[in-house]
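Trainee: Before I ask anything, here is the structure I am working with.
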Amino acid sequence: SKKLDELEAAMDARDSRLQEIETGIASLSSVSPEEATPGAAAVAPEPAPNAEDDTNGWPATRVMSTFVNYFVEQRGHTHWPGSPCVPLDDPTLLFVNAGMNQFKKVFLGTIDPSLPMAKLKRAANSQICIRAGGKHNDLDDVGKDTYHHTSFNMLGNWSLGDYFKEEAITWAFDLLTREYGMDPERMYASYFSGDEAMGLAPDTEARDIWLRFLPAERVLPYDKKDNFWEMGETGPCGPCSEIHYDRIGGRNCAELVNADDPNVIEIWNLVFIQFNREDNGELRELPDKHVDTGMGFERLTSILQNKPSNYDTDVFMPLFRAIRAACGGDAAVPPYRGRVGAEDDDGKDMAYRVVADHIRTLSFAITDGATPSNEGRGYVLRRILRRAVRYGQQVLNAPEGFFAGLTAAVGEQFPEVAARRREIEEILREEERAFNRTLTKGIKHFKQVVSGLQANNETTIPGNEVHFLYTSMGFPVDLTEVMAEELNMTVDVEGFEAAMQHERDLSAAAESARKGGGSRDLRMEAEQTSWLQSQGVDPTDSNPKYIWHHEPQAQVLALFLGRNFTDRGESGFVETASEGDGPIAVILDKTSFYYESGGQIFDTGVLTSADGAKSLQVTNCQSYGGYVVHVGSLESGSLMVGDTVTCMVDYERRARVAPNHTMTHALNFALRSVLLSGSAPPPPDAAADEAAAPGGDEGTDERKDEPGIATAGLCDQRGSMVDAEKLRFDFAWNQALTPEQVERVEAIVREKIAAQLPVHAYIAPLEEATKIKALRAVFGESYPDPVRVISIGQEVPAMLSDPENPAWADVSVEFCGGTHLTNTSEARDFCVMEETGIAKGVRRIVCVTRDDAAAARATTAAMVERIAALEGTLADEASLDPIALETNVKQLAQDLGAAPMSLVDKNGLRPRLAALQDQVKTRRKAVEAQRKEAAKLEAVQLATECHAAGRRFVAARLDGVDGKMFKKISEAMGKACPGGSFLLACATTPEEKEEEKEAGPSGMRVGVFASAAKQSGLVAKDWVNACMAPAGGGRGGGTSTQAQGNVAGVADAAAVEAMVAAAAASHGSGSGERAPRGAARAREAPPAARPGGGRPRATWRA
């Protein structure tokens, strides 16, 4: 009864506390209409589900819609859709690992001010995140517990320079307790305790706000490990406040916060973005303060559904049922039971969690444009897939190929995945097959490494070997650790991490050098753009870049020496720069230089003063926050802020870039016209799967003219690069293009060039332009409003006035800010040079235009002449040398494969070359037949002469004989010399070895073939060995009656004669007969005995 009294008292206290909280929340002022940011419509509220379901009234869809609607409808936020989980243009990120990633440029102050996002103040959404590489990496923890994932849905709200800690904490508490009805007595809040080494004080502001809602014993301080959030090794960061929730309740469990207890879990992290982490590790304060919050959707759902873990909710249970079915159903594997640690004695529940989590991650990533590969994010995906396959096959006893089929279960919850199901399944199938092959190779190398270590009594596998297994052989690190543990060995994890860090450092240095000035870091981030803004420097007017052959005068507004050069000026900026300063960055009030963007390379040229005394060679051009940065070194004079310079773009170079960019648009159109003209071809091993689930048009590109799952995602742009030499276009397609498809693609582009179509550029409102039928826009890319529309052959205003006109499907129309031709005829010609696969489900086409295309056509003409010349040689019977001709044809085939010529032309010449190869092969066979017949006649003649002389053996050199021929020759010799034994030595000269691609020492290779009559007393293999002995012995084998061998490095004809003589002597000793005096005497063989005719070889007989 005492315990009951205590419990009742506790409940009364809780009710009283709840009343106080509700009163406090009710008194809070709501957001005024002026504070609300207009934007996308809120997510429609999910109606309360049937009380008989298993979700406690909170199905996953309702959990998500409640969050977004709260911030949009009650707190004045814009519903800003989440970005693709594969970052488009952020080399610091493998995957989107937080909802704030797409707002990074806003935090850094580097966003283009013309983009709609630049106008945001408040935003809310849900974002698919992947944490399986880099700083935030949960991969190795997935499966071991019930709350880690490699992919998850993050619910977030953001303040972009608007509200801060007061509103963020208050609204978070309000949403959880009032909207979701969660018990505040189970809540714990953490705050940053400060860090002396970083020079940061405790976040008492956040602490004091929390103390209004929670008692002091549940407001807890933690260090930077738990309460200082960083996106990656560099980038925006700041102190954070986490909200933890006790699933059990009725207790004080502060000691379990951040203790990896599955019942006391973090559900929401409120990050207060105040700093930027520089490459050198330094923290620099941002000009504006921001709020970035992220709540784990899966964790929140498990609490609201009153489930013990994320994996027990309606988010994962359908996947577990699909996994069980794929493994053979009820009889093959037990259902998921939620066990962890020692309770999961057979590891099956861990395997369930691994497989379910990983198929989600791979489905999301592939849907958004990533594919498994050997590097970067592609390798992370490959590792995830291999981990899932290993657990599925080895623990759940799943059959090979099971994994890809689980994509359908993910698609039931995510329409984007359903739309690309076939593409995802094919990629996963091929990857699984490849892994099963790789596993064998990796285990073999692992055993070799271990064997060497054990021989030296070493028990630690070096980090470099683990790195090699991981990066070169695709062997998962965790598998290496497991196998090492089984052998009572360990893995040098620090050495492995050091090797990986070395690779990352090299990559970062290369990116810095590419965008900056060599080793100097001339990239600009928040500190620099904020400084410029504080000095009243306006963003650069870059509109003159679209005016060709224009040399405008511009004023120098800022000079930048680099982010680490702060000793000469604030934030790296100086008033004067001179020749000795090396690479610098110049910011002008306006510019005609095109900065690198949209896959197009930057302009180069010169900035010069009117008198020519000051000259800067521009070697790079980038844009940060609307400020165009001209990178280069002063060649003469000094440059000062306020100077006037003339912008002199290298228009000759740009004239080689522009046709490549315009023809990239034409290529994109041609590919879609050819590949999607009918229904897309099914994957090679999924032809029977004709069921097409209804799907949306989400994908790498937005499109409005394609039918559902058959083409969803196929032919979408996956990347492009345009420079002065070529254009490169990557697109989603699951097999190599046929020669006919390549030919048609090239023909369509050439037709557009021949048609002399005008290229139209038009600035239009973004919302209106997006409605144009068949308009191409890269999904996930941010476009300014208004946006620039490029159309080939059709004026844009007509398309805007009638956007649904089906005729526009025959027009190449795209959003693009690049520099283009004014007419397609300026491209002159177009050649497809390569078509290759660069990853599973991704193809790459490389093409050239103008002079480079003309050079490719000239190469084709030269190749045609060479083929014609060889065809003429083949027709000339009198001087025909089949051996030399065959060598020339082989070389021509190699040259054709490597020739820089149109792939269409190359494909056209291949049948002609193949016919030539067939004819040469036929002639070669005829010559070989003649040689064999001549050798046979010569051998029979030798046997006939020996029989006439009363002898019973022949030992002779007879070139051109091989093992297969010898069997027939020895039978013919036996008829000419009944009861005889025969040994023939066949020599191959160094020239012939080279022709036949044989390896070995210099000198001749001699093959020895023997047939011994049973009554002769000879042992054939001994006879062969005796023959090879004078040349140092060789490799041989056989029986007492038939044997053969070969020896390499035989010096000359005299050495071969010595071998034959040794064979003759051996026969004499073996049979009781003596070889006649002078048995080894020269005899000339007929010309046909030598391949190709020519000077005869000598033969010897005994």
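Going through the structure tokens in order, the chains are called A, B, and so on, while each chain numbers its residues from 1 and the ligands are numbered from 1 in the order shown.
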Which neighbours of region 670-674 of chain A fall inside 9 Å, counting only C-alpha atoms, when residues of the same chain fewer than 6 positions from it are skipped, and could you give them as a count of residues only?
Mentor: 13
Trainee: List the neighbours of Ala1013 (chain A) out to 7 Å using only C-alpha atoms; skip same-chain residues closer than 5 positions along the sequence, and give me the result as a list in words.
Mentor: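 In the requested form, the answer reads Gly979, Gly980, Ser981 and Thr1041 of chain A.
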Trainee: Compile the contact shell of region 1016-1031 of chain A as a ChimeraX atom specification: residues with an atom at most 8 Å away, counting only C-alpha atoms, same-chain residues fewer than 5 positions apart removed.
Mentor: /A:979-981,983,1008-1011,1036-1047,1050,1055,1058-1063,1066-1067,1070-1071
Trainee: Can you write just those residues out, C-alpha atoms, as a short mmCIF file (atom, residue, chain, number, x, y, z; two decimals), in the first residue's frame?
Mentor:
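The file below, again_11.cif, is the result:
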data_model
loop_
_atom_site.label_atom_id
_atom_site.label_comp_id
_atom_site.auth_asym_id
_atom_site.auth_seq_id
_atom_site.Cartn_x
_atom_site.Cartn_y
_atom_site.Cartn_z
CA GLY A 979 57.88 -51.69 -86.08
CA GLY A 980 59.86 -48.44 -86.13
CA SER A 981 60.27 -45.79 -83.44
CA LEU A 983 61.35 -38.85 -82.70
CA VAL A 1008 60.09 -32.92 -79.06
CA PHE A 1009 57.63 -35.69 -80.00
CA ALA A 1010 58.32 -39.42 -79.75
CA SER A 1011 56.57 -42.68 -80.59
CA GLY A 1036 57.95 -33.29 -70.74
CA GLY A 1037 55.67 -36.18 -70.02
CA GLY A 1038 53.93 -39.16 -71.50
CA THR A 1039 53.97 -42.94 -71.48
CA SER A 1040 56.38 -45.64 -72.54
CA THR A 1041 55.04 -45.52 -76.11
CA GLN A 1042 53.97 -41.87 -76.61
CA ALA A 1043 55.61 -38.77 -75.12
CA GLN A 1044 56.34 -35.12 -75.81
CA GLY A 1045 58.22 -32.22 -74.27
CA ASN A 1046 59.56 -28.76 -75.00
CA VAL A 1047 62.63 -26.77 -74.11
CA VAL A 1050 67.88 -23.25 -77.57
CA ALA A 1055 72.17 -26.92 -80.63
CA ALA A 1058 73.09 -31.83 -80.85
CA MET A 1059 69.67 -32.67 -79.42
CA VAL A 1060 68.86 -34.91 -82.39
CA ALA A 1061 72.24 -36.61 -82.10
CA ALA A 1062 71.62 -37.25 -78.41
CA ALA A 1063 68.28 -38.85 -79.27
CA SER A 1066 70.02 -42.82 -76.73
CA HIS A 1067 68.12 -45.08 -79.12
CA GLY A 1070 68.43 -48.49 -75.49
CA SER A 1071 67.98 -51.03 -78.31
#
Trainee: Just the residues within 10 Å of His148 (chain A), please, counting only C-alpha atoms, with nothing from its chain fewer than 5 positions along; format it as a ChimeraX atom specification.
Mentor: /A:131,138-143,262,299,310-311,353-354,357
Trainee: Within 8 Å of Gly238 (chain A), counting only C-alpha atoms, which residues show up once you throw out same-chain ones fewer than 6 positions away? Write them as a list in words, please.
Mentor: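 Listed by chain and then number, they are Phe228, Trp229, Glu230, Val271, Phe272, Ile273, Gln274 and Phe275 of chain A.
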Trainee: Using only C-alpha atoms, find the one residue out of A:Arg523, A:Arg382, A:Lys726, A:Lys936 that sits nearest to Cys847 (chain A).
Mentor: A:Lys726
Trainee: Which residues, written as a count of residues only, have at least one atom at most 6 Å from region 543-550 of chain A, with only C-alpha atoms counted and residues fewer than 5 positions away on the same chain left out?
Mentor: 3
Trainee: Near Val380 (chain A), counting only C-alpha atoms, which residues have an atom at most 12 Å away, once you skip same-chain residues fewer than 5 positions from it, shown as a ChimeraX atom specification?
Mentor: /A:94-95,130-134,137-139,150,358,361-362,365,370-375,385-387,470-471,474-477
Trainee: Pick the closest to Thr738 (chain A) from A:Val846, A:Leu903, A:Asp261, A:Met663: which is it, counting only C-alpha atoms?
Mentor: A:Leu903
Trainee: One decimal, Å: what's the distance from CA of Ala915 (chain A) over to CA of Glu740 (chain A), could you say?
Mentor: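 Pair CA of Ala915 (chain A) / CA of Glu740 (chain A) returns 19.6 Å.
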